[in-house]
Amino acid sequence: MMSYLAAFCTVLVAVCGVTNAKIDRQALVSRFNPVRTASSASTPMQVGNGHFAFGADITGLQTFIPWATMSDWGWKNDSLPVGMTEANIAAYRGAVWDGVQYEFGGPEPMQQWLISNPNRVNLGRVGLLFLDEHGATLNGVTEDVLKEKRQVLDLWTGTMKSTFRWEGENVEVQTVAAQDSSAVAITVNSSHLLRGRLGIFLDFPWNDGSAKFEAPLVGVWNATSNHTTVLYTGEGLGPDVRAQIAHTMDTTTFFTGVRGSGEFAIARESPEAHRYNIVPQRAGHMFSAVVTYAAEPIQSISRAEQVAHESELAWEDFWTNHGFVDVLTGSSDWRAEELQRRIILSQYLLRVNEAGDYPSQESGLVNNGWYGKFHMEMFFWHSAHWALWNNWDLLDRASSVYGRFLPTAIQRAQVQQGYPVGGRWPKMTDPSGRSAPGEINELLIWEQPHPLVFAEYEYRATRSRATLEKWRDVVHATADWMSVYARRNASTGFFDLGPPMYVVSEDTSPNATRNPAFELAYWRFGLDHASTWMMRLGEGVPPAWTEVKENLAPIPIENGLYAVYEGIPSDFWDMPTFTNDHPALVGLYGWLPQTANVSVDIAKATTDKVWTSWNISNCWGWDFPMLAMSAARNGEAEKAIEWLLHPLFEFDDIGMPVGGVRVPTPYFPGSGALLYAVAMMAEGWDGSRGGAPGFPRRGWTVQTEMISKAI
């Protein structure tokens, strides 16, 4: 069913070539069904629902590689450091800079505990169990033993089918994720089942916050004494729950429930392990099991057939009733095939990994980075594309985090840091809304205007009073803090941003950074939109907002080009220190529309300089779509395509965005940014003219359905 917000949207078509035909969405999606004939050592094939994802090797399960089973709700706290109590956590304070109380710089080991807790867990492993003629486990079976291996992911239904031959017989495994619970349904077909040669095993790892990154695998499998598992069967379980395992790590317990298509035996392999073997008891060619994970004891589990049907309906709705872009049909440019592949696979993977109740971590639900925590400055790149593609049912889940986190944002700004009004949004955080201590975490500011962007897109979709009221308090608190963070410079009369602060690229000295270019433009953009919001509500605009936005320090210029920040060395273009990370200067006119404090001519000249002087080889994934958006707004459509398909902006065989030199794979901000840029280039932006204004006029035929214009 189409979401209530999508229902407000009109089907729009924009073309470079001439076509008015309805897009054959299913054919285009299915064209890019991923196929593998061996497991990848870097990325799993996945099924999921945005809240929950299951990664699989070539068997369709986690038989040979313990890929993660992860969720947006599966978090735990490690034990407190020796000698520390909850009172120590409550009393923890960091450094005071310029009269502001921060969380970084506090005593260890409490600071590190707060950084790494809570941490996200791998809920467990499900693998194919190989048995000998007597029913004993065969531990020596490897992937190399399997013949004629083939795995296909049906994107249209979210169904993974894996086939191979083992000991002369065919084995087929179908894997599909539930859409309303954290469950995976597994169906095995093989004559080996008749002879009791196949089953399923469950295993559980230890998880903690000892590693900042856990990639490509999550959890520790040989620390069995650190945690406990207990198997429950028989009476006392829900009517559809055949077995349940309670997995306890420190003070947190997770539950795994199993339902089978027939009777099965389940037993722990040994007291020293957390592995449980499931063996069907009824002879037949087919056996299905649904494995469900939860934070509470499980009361019911759907049948495998129900899970499969649920998946088919949800994925058909996703592909049919929301935005779609076809850059392939009718295009003669050889690059169209690869761009379309990236678009389709990014849509699928973001629906699996990044459609939960909280902003996504950089690696989604594939593995862990930064202890599994999410970064609010990256929320735009992860999720703003949902607005342009009219996936409001998915965006609503996570964008509501601003309302949920508003009390902690206000506490941070007014109680902890001493500002008179407003709410300050965190950078690195978790479902509690608490900011993880760290200089960069607490001195970064470009995440602050983001909720104003999400609010504006939602209002454009609904044009409703309800939307204005829904976002009112968030908009007001956001702009209030923006107005008091800016400080009047007695010498210039302007309002300065910083110091101390970190810019987008996080590579300048916080105590020397004043009036950074991008942040000044984004501040003006944000205060303009917040003011408009109040006027739509029929309320007065706080005078402080107007005073600050009209008197912001001018964007710094060096030698006729915009500079990263005021006072930067005039030869910074030749200094790797300043040209080696996010090239946010191109965002002044590209990512952002023209603001009142930006000259388009200077912004374009600055962008041209970035193209020739920046160390692109050190860029992050989302930098390339940002460069493409700048090229598109500046009328450089061919260059925009080149940036989207730059050799250093890579996607693997199943569409996972490669982390490159900066971070492990996958790095999903690159996927979200790709979809945002494609929508903008295909449908246009405020004030753009003609169809597909960001695509070259020659060689490209671009058709859109239900795509909205970018701001």
# chains A, B, ... in the order shown; residues from 1 in each chain; ligands from 1
>>> closest_atom_pairs(of="segment 479-521 of chain A", to="segment 371-386 of chain A", cutoff="12 Å", atoms="only C-alpha atoms", output="Markdown table")
| residue | atom | partner | partner_atom | distance |
| --- | --- | --- | --- | --- |
| A:Val503 | CA | A:Glu377 | CA | 11.3 |
| A:Val504 | CA | A:Glu377 | CA | 9.0 |
| A:Ser505 | CA | A:Glu377 | CA | 11.6 |
| A:Glu506 | CA | A:Glu377 | CA | 11.9 |
>>> write_last_selection(atoms="C-alpha atoms", output="short mmCIF file (atom, residue, chain, number, x, y, z; two decimals), in the first residue's frame")
data_model
loop_
_atom_site.label_atom_id
_atom_site.label_comp_id
_atom_site.auth_asym_id
_atom_site.auth_seq_id
_atom_site.Cartn_x
_atom_site.Cartn_y
_atom_site.Cartn_z
CA VAL A 503 34.70 21.78 9.90
CA VAL A 504 33.13 19.11 7.68
CA SER A 505 36.54 17.66 6.81
CA GLU A 506 37.54 17.41 10.51
#
>>> residues_around(residues="segment 437-440 of chain A", least_positions_apart="2", cutoff="8 Å", atoms="only C-alpha atoms", output="MDAnalysis selection string")
chainID A and resid 102:105 111 114:115 435 442:444 502 506
>>> closest_residue(among="A:Thr142, A:Asp326, A:Ala289, A:Gly687", to="Ala308 of chain A", atoms="only C-alpha atoms")
A:Ala289
>>> closest_residue(among="A:Arg341, A:Lys76, A:His51, A:Lys709", to="Met656 of chain A", atoms="only C-alpha atoms")
A:Arg341
>>> select_by_dssp(residues="segment 17-133 of chain A", states="strand (DSSP E or B)", output="PyMOL selection string")
chain A and resi 35-36+45-48+52-56+69-71+75-76+96-97+100-101+119-120+125-131
>>> write_last_selection(atoms="N, CA and C atoms", output="tab-separated table (two decimals), in the first residue's frame")
chain	number	residue	atom	x	y	z
A	35	VAL	N	24.20	-12.30	-8.80
A	35	VAL	CA	24.50	-13.73	-8.93
A	35	VAL	C	25.92	-13.97	-8.45
A	36	ARG	N	26.09	-14.99	-7.63
A	36	ARG	CA	27.42	-15.40	-7.19
A	36	ARG	C	27.59	-16.90	-7.38
A	45	MET	N	25.81	-11.68	0.78
A	45	MET	CA	24.49	-11.44	0.18
A	45	MET	C	23.53	-11.26	1.36
A	46	GLN	N	22.55	-10.35	1.22
A	46	GLN	CA	21.69	-10.04	2.35
A	46	GLN	C	20.20	-10.09	2.02
A	47	VAL	N	19.42	-10.45	3.03
A	47	VAL	CA	17.98	-10.21	3.04
A	47	VAL	C	17.69	-9.44	4.32
A	48	GLY	N	16.59	-8.67	4.32
A	48	GLY	CA	16.30	-7.90	5.51
A	48	GLY	C	15.11	-6.98	5.31
A	52	PHE	N	16.29	-5.13	10.46
A	52	PHE	CA	16.94	-6.42	10.68
A	52	PHE	C	17.52	-6.89	9.35
A	53	ALA	N	18.72	-7.45	9.41
A	53	ALA	CA	19.33	-7.96	8.18
A	53	ALA	C	20.13	-9.22	8.49
A	54	PHE	N	20.11	-10.12	7.52
A	54	PHE	CA	20.79	-11.41	7.64
A	54	PHE	C	21.76	-11.53	6.46
A	55	GLY	N	23.04	-11.70	6.77
A	55	GLY	CA	24.06	-11.83	5.74
A	55	GLY	C	24.42	-13.28	5.51
A	56	ALA	N	24.57	-13.67	4.23
A	56	ALA	CA	24.75	-15.08	3.90
A	56	ALA	C	25.96	-15.32	3.01
A	69	THR	N	24.19	-11.20	11.73
A	69	THR	CA	22.74	-11.03	11.82
A	69	THR	C	22.54	-9.85	12.75
A	70	MET	N	22.10	-8.72	12.17
A	70	MET	CA	22.10	-7.48	12.97
A	70	MET	C	20.77	-6.76	12.89
A	71	SER	N	20.58	-5.84	13.83
A	71	SER	CA	19.30	-5.14	13.95
A	71	SER	C	19.53	-3.70	14.41
A	75	TRP	N	21.42	-3.93	21.08
A	75	TRP	CA	22.54	-3.22	21.71
A	75	TRP	C	22.78	-3.79	23.10
A	76	LYS	N	24.01	-3.66	23.59
A	76	LYS	CA	24.31	-4.06	24.96
A	76	LYS	C	25.36	-3.13	25.55
A	96	VAL	N	36.37	21.79	30.10
A	96	VAL	CA	35.68	23.06	29.91
A	96	VAL	C	36.54	23.92	29.00
A	97	TRP	N	35.98	24.27	27.84
A	97	TRP	CA	36.66	25.15	26.89
A	97	TRP	C	35.84	26.41	26.71
A	100	VAL	N	32.46	26.49	28.23
A	100	VAL	CA	31.47	25.49	27.83
A	100	VAL	C	31.91	24.11	28.34
A	101	GLN	N	30.99	23.41	29.01
A	101	GLN	CA	31.27	22.08	29.53
A	101	GLN	C	31.08	21.03	28.44
A	119	ASN	N	27.12	-0.88	22.59
A	119	ASN	CA	27.64	-1.33	21.32
A	119	ASN	C	26.66	-2.30	20.68
A	120	ARG	N	26.70	-2.34	19.36
A	120	ARG	CA	25.72	-3.14	18.61
A	120	ARG	C	26.20	-4.59	18.50
A	125	ARG	N	24.25	-16.75	14.50
A	125	ARG	CA	24.63	-17.38	13.24
A	125	ARG	C	23.69	-18.55	12.95
A	126	VAL	N	23.32	-18.69	11.68
A	126	VAL	CA	22.52	-19.83	11.23
A	126	VAL	C	23.25	-20.47	10.05
A	127	GLY	N	23.57	-21.74	10.17
A	127	GLY	CA	24.31	-22.41	9.11
A	127	GLY	C	23.70	-23.75	8.73
A	128	LEU	N	24.16	-24.28	7.60
A	128	LEU	CA	23.71	-25.60	7.15
A	128	LEU	C	24.56	-26.66	7.84
A	129	LEU	N	23.89	-27.66	8.41
A	129	LEU	CA	24.55	-28.72	9.15
A	129	LEU	C	24.71	-29.94	8.26
A	130	PHE	N	25.93	-30.38	8.06
A	130	PHE	CA	26.23	-31.57	7.27
A	130	PHE	C	26.44	-32.76	8.21
A	131	LEU	N	25.76	-33.89	7.92
A	131	LEU	CA	25.81	-35.06	8.79
A	131	LEU	C	26.25	-36.29	8.00
